[in-house]
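J.: Quick one, input_38.txt (compact mmCIF, N, CA, C and O atoms):
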```txt
# COMPACT_ATOMS: atom_id res chain seq x y z
N MET A 1 -23.66 52.91 -27.16
CA MET A 1 -22.41 52.76 -27.85
C MET A 1 -22.30 53.84 -28.93
O MET A 1 -23.27 54.22 -29.53
N VAL A 2 -21.09 54.22 -29.17
CA VAL A 2 -20.80 55.21 -30.19
C VAL A 2 -19.96 54.54 -31.25
O VAL A 2 -18.98 53.87 -30.93
N ALA A 3 -20.33 54.69 -32.48
CA ALA A 3 -19.58 54.08 -33.57
C ALA A 3 -18.72 55.12 -34.27
O ALA A 3 -19.09 56.28 -34.37
N GLY A 4 -17.58 54.70 -34.72
CA GLY A 4 -16.70 55.59 -35.48
C GLY A 4 -16.83 55.31 -36.95
O GLY A 4 -17.47 54.36 -37.37
N GLY A 5 -16.24 56.17 -37.74
CA GLY A 5 -16.30 56.00 -39.18
C GLY A 5 -15.32 54.96 -39.66
O GLY A 5 -15.63 53.81 -39.87
N PHE A 6 -14.09 55.35 -39.81
CA PHE A 6 -13.05 54.46 -40.31
C PHE A 6 -12.63 53.52 -39.18
O PHE A 6 -12.54 53.93 -38.04
N PRO A 7 -12.37 52.25 -39.50
CA PRO A 7 -11.96 51.31 -38.44
C PRO A 7 -10.74 51.81 -37.67
O PRO A 7 -9.83 52.38 -38.23
N TYR A 8 -10.77 51.61 -36.40
CA TYR A 8 -9.69 51.93 -35.47
C TYR A 8 -9.50 53.42 -35.22
O TYR A 8 -8.51 53.82 -34.65
N VAL A 9 -10.43 54.25 -35.66
CA VAL A 9 -10.35 55.67 -35.38
C VAL A 9 -11.44 56.00 -34.37
O VAL A 9 -12.62 55.83 -34.63
N ASP A 10 -11.03 56.47 -33.21
CA ASP A 10 -11.98 56.81 -32.16
C ASP A 10 -12.49 58.22 -32.37
O ASP A 10 -11.78 59.18 -32.11
N THR A 11 -13.72 58.34 -32.85
CA THR A 11 -14.31 59.66 -33.06
C THR A 11 -15.28 60.01 -31.94
O THR A 11 -15.96 61.02 -32.01
N SER A 12 -15.30 59.18 -30.89
CA SER A 12 -16.26 59.38 -29.81
C SER A 12 -15.67 60.19 -28.66
O SER A 12 -16.33 60.39 -27.65
N ASN A 13 -14.43 60.60 -28.79
CA ASN A 13 -13.76 61.34 -27.71
C ASN A 13 -13.63 60.46 -26.46
O ASN A 13 -13.66 60.96 -25.35
N GLY A 14 -13.54 59.14 -26.66
CA GLY A 14 -13.34 58.22 -25.55
C GLY A 14 -14.60 57.83 -24.80
O GLY A 14 -14.53 57.25 -23.72
N ALA A 15 -15.78 58.13 -25.35
CA ALA A 15 -17.04 57.86 -24.65
C ALA A 15 -17.24 56.37 -24.37
O ALA A 15 -17.65 55.99 -23.27
N ALA A 16 -16.95 55.53 -25.34
CA ALA A 16 -17.16 54.09 -25.15
C ALA A 16 -16.22 53.54 -24.08
O ALA A 16 -16.63 52.77 -23.22
N ARG A 17 -14.97 53.96 -24.14
CA ARG A 17 -14.01 53.50 -23.14
C ARG A 17 -14.39 53.99 -21.75
O ARG A 17 -14.33 53.24 -20.77
N ALA A 18 -14.78 55.25 -21.64
CA ALA A 18 -15.18 55.81 -20.34
C ALA A 18 -16.40 55.07 -19.80
O ALA A 18 -16.46 54.77 -18.60
N PHE A 19 -17.34 54.76 -20.68
CA PHE A 19 -18.52 54.00 -20.25
C PHE A 19 -18.10 52.67 -19.66
O PHE A 19 -18.53 52.28 -18.57
N LEU A 20 -17.25 51.96 -20.38
CA LEU A 20 -16.84 50.63 -19.93
C LEU A 20 -16.04 50.70 -18.63
O LEU A 20 -16.26 49.92 -17.71
N GLU A 21 -15.12 51.65 -18.54
CA GLU A 21 -14.31 51.77 -17.33
C GLU A 21 -15.14 52.13 -16.11
O GLU A 21 -14.82 51.71 -15.00
N ASN A 22 -16.20 52.92 -16.29
CA ASN A 22 -17.01 53.38 -15.17
C ASN A 22 -18.26 52.54 -14.93
O ASN A 22 -19.06 52.86 -14.05
N SER A 23 -18.44 51.48 -15.70
CA SER A 23 -19.62 50.64 -15.57
C SER A 23 -19.52 49.74 -14.33
O SER A 23 -18.42 49.48 -13.84
N PRO A 24 -20.65 49.25 -13.85
CA PRO A 24 -20.65 48.40 -12.65
C PRO A 24 -20.33 46.93 -12.94
O PRO A 24 -20.48 46.08 -12.07
N PHE A 25 -19.90 46.62 -14.17
CA PHE A 25 -19.63 45.23 -14.54
C PHE A 25 -18.33 44.73 -13.90
O PHE A 25 -17.44 45.50 -13.58
N THR A 26 -18.23 43.41 -13.78
CA THR A 26 -16.99 42.81 -13.29
C THR A 26 -15.92 42.93 -14.38
O THR A 26 -16.24 43.20 -15.55
N ASP A 27 -14.67 42.71 -14.02
CA ASP A 27 -13.60 42.76 -15.01
C ASP A 27 -13.82 41.74 -16.12
O ASP A 27 -13.54 41.99 -17.29
N GLU A 28 -14.33 40.57 -15.74
CA GLU A 28 -14.61 39.52 -16.73
C GLU A 28 -15.69 39.97 -17.72
O GLU A 28 -15.57 39.78 -18.93
N GLN A 29 -16.75 40.60 -17.21
CA GLN A 29 -17.81 41.09 -18.08
C GLN A 29 -17.31 42.22 -18.98
O GLN A 29 -17.66 42.29 -20.15
N LYS A 30 -16.46 43.07 -18.43
CA LYS A 30 -15.90 44.16 -19.24
C LYS A 30 -15.04 43.60 -20.37
O LYS A 30 -15.08 44.10 -21.49
N ALA A 31 -14.30 42.54 -20.09
CA ALA A 31 -13.50 41.90 -21.13
C ALA A 31 -14.39 41.30 -22.21
O ALA A 31 -14.09 41.39 -23.40
N ASP A 32 -15.50 40.69 -21.81
CA ASP A 32 -16.45 40.16 -22.78
C ASP A 32 -16.97 41.26 -23.70
O ASP A 32 -17.04 41.10 -24.91
N ILE A 33 -17.35 42.37 -23.10
CA ILE A 33 -17.89 43.49 -23.88
C ILE A 33 -16.80 44.13 -24.72
O ILE A 33 -17.00 44.45 -25.89
N GLY A 34 -15.64 44.31 -24.13
CA GLY A 34 -14.58 45.07 -24.78
C GLY A 34 -13.89 44.38 -25.94
O GLY A 34 -13.56 45.01 -26.93
N HIS A 35 -13.67 43.08 -25.84
CA HIS A 35 -12.96 42.45 -26.95
C HIS A 35 -13.35 41.02 -27.24
O HIS A 35 -13.15 40.55 -28.36
N ARG A 36 -13.95 40.30 -26.33
CA ARG A 36 -14.25 38.89 -26.63
C ARG A 36 -15.37 38.74 -27.65
O ARG A 36 -15.35 37.79 -28.43
N ASN A 37 -16.32 39.66 -27.66
CA ASN A 37 -17.36 39.59 -28.69
C ASN A 37 -16.73 39.71 -30.07
O ASN A 37 -17.06 38.97 -31.00
N ARG A 38 -15.80 40.64 -30.23
CA ARG A 38 -15.12 40.82 -31.51
C ARG A 38 -14.34 39.56 -31.87
O ARG A 38 -14.35 39.11 -33.02
N GLU A 39 -13.66 38.97 -30.91
CA GLU A 39 -12.89 37.76 -31.19
C GLU A 39 -13.80 36.63 -31.67
O GLU A 39 -13.46 35.90 -32.60
N ARG A 40 -14.96 36.48 -31.03
CA ARG A 40 -15.89 35.43 -31.45
C ARG A 40 -16.42 35.68 -32.86
O ARG A 40 -16.55 34.75 -33.65
N LEU A 41 -16.74 36.93 -33.15
CA LEU A 41 -17.29 37.25 -34.47
C LEU A 41 -16.25 37.09 -35.57
O LEU A 41 -16.53 36.54 -36.63
N THR A 42 -15.04 37.56 -35.35
CA THR A 42 -14.02 37.48 -36.39
C THR A 42 -13.46 36.08 -36.55
O THR A 42 -12.93 35.74 -37.61
N ALA A 43 -13.59 35.24 -35.54
CA ALA A 43 -13.12 33.86 -35.67
C ALA A 43 -13.97 33.10 -36.69
O ALA A 43 -13.49 32.16 -37.32
N ARG A 44 -15.19 33.52 -36.87
CA ARG A 44 -16.08 32.87 -37.83
C ARG A 44 -15.85 33.33 -39.26
O ARG A 44 -16.28 32.67 -40.20
N ALA A 45 -15.22 34.48 -39.41
CA ALA A 45 -14.99 35.02 -40.75
C ALA A 45 -13.90 34.23 -41.44
O ALA A 45 -12.90 33.85 -40.83
N LYS A 46 -14.10 33.98 -42.70
CA LYS A 46 -13.10 33.25 -43.47
C LYS A 46 -12.03 34.23 -43.96
O LYS A 46 -12.34 35.32 -44.42
N ARG A 47 -10.80 33.81 -43.84
CA ARG A 47 -9.70 34.62 -44.35
C ARG A 47 -9.51 34.30 -45.82
O ARG A 47 -9.62 33.15 -46.23
N PRO A 48 -9.21 35.33 -46.62
CA PRO A 48 -8.99 35.05 -48.05
C PRO A 48 -7.76 34.16 -48.25
O PRO A 48 -6.76 34.31 -47.54
N SER A 49 -7.86 33.22 -49.16
CA SER A 49 -6.72 32.35 -49.41
C SER A 49 -5.72 33.07 -50.32
O SER A 49 -6.09 33.85 -51.18
N SER A 50 -4.44 32.79 -50.09
CA SER A 50 -3.43 33.48 -50.89
C SER A 50 -2.99 32.67 -52.08
O SER A 50 -3.19 31.56 -52.25
```
What do you get writing this file as structure tokens?
T.:
Amino acid sequence: MVAGGFPYVDTSNGAARAFLENSPFTDEQKADIGHRNRERLTARAKRPSS
């Protein structure tokens, strides 16, 4: 995996996306890797109260 500096800025020239698109994983596994892990992690984070 390649990490970027500032959130949401792809500094990898698309390497992570290309890896995932060309990997031998099923579509379900790719979804788990691509965004479901993030959803699980951020669901545990507490949002600041206003």
J.: Taking all atoms of segment 39-43 of chain A that the file lists, what box with edges along x, y and z, padded by 3 Å per side, do you get, with centre and edge lengths in Å to one decimal, as JSON?
T.:
```
{"center_x": -15.1, "center_y": 35.6, "center_z": -34.3, "size_x": 10.4, "size_y": 12.8, "size_z": 12.7}
```
J.: Near segment 33-42 of chain A, within 9 Å and counting only C-alpha atoms, which residues show up once chain neighbours fewer than 4 positions away are dropped, as a tab-separated table (two decimals) with N, CA, C and O atoms, in the frame of the given file?
T.:
```tsv
chain	number	residue	atom	x	y	z
A	17	ARG	N	-14.97	53.96	-24.14
A	17	ARG	CA	-14.01	53.50	-23.14
A	17	ARG	C	-14.39	53.99	-21.75
A	17	ARG	O	-14.33	53.24	-20.77
A	20	LEU	N	-17.25	51.96	-20.38
A	20	LEU	CA	-16.84	50.63	-19.93
A	20	LEU	C	-16.04	50.70	-18.63
A	20	LEU	O	-16.26	49.92	-17.71
A	28	GLU	N	-14.33	40.57	-15.74
A	28	GLU	CA	-14.61	39.52	-16.73
A	28	GLU	C	-15.69	39.97	-17.72
A	28	GLU	O	-15.57	39.78	-18.93
A	29	GLN	N	-16.75	40.60	-17.21
A	29	GLN	CA	-17.81	41.09	-18.08
A	29	GLN	C	-17.31	42.22	-18.98
A	29	GLN	O	-17.66	42.29	-20.15
A	46	LYS	N	-14.10	33.98	-42.70
A	46	LYS	CA	-13.10	33.25	-43.47
A	46	LYS	C	-12.03	34.23	-43.96
A	46	LYS	O	-12.34	35.32	-44.42
```
J.: Just give me the gap between atom CA of Ser12 of chain A and atom CA of Lys30 of chain A in Å, one decimal is fine.
T.: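 Going from atom CA of Ser12 of chain A over to atom CA of Lys30 of chain A, I get 18.5 Å.
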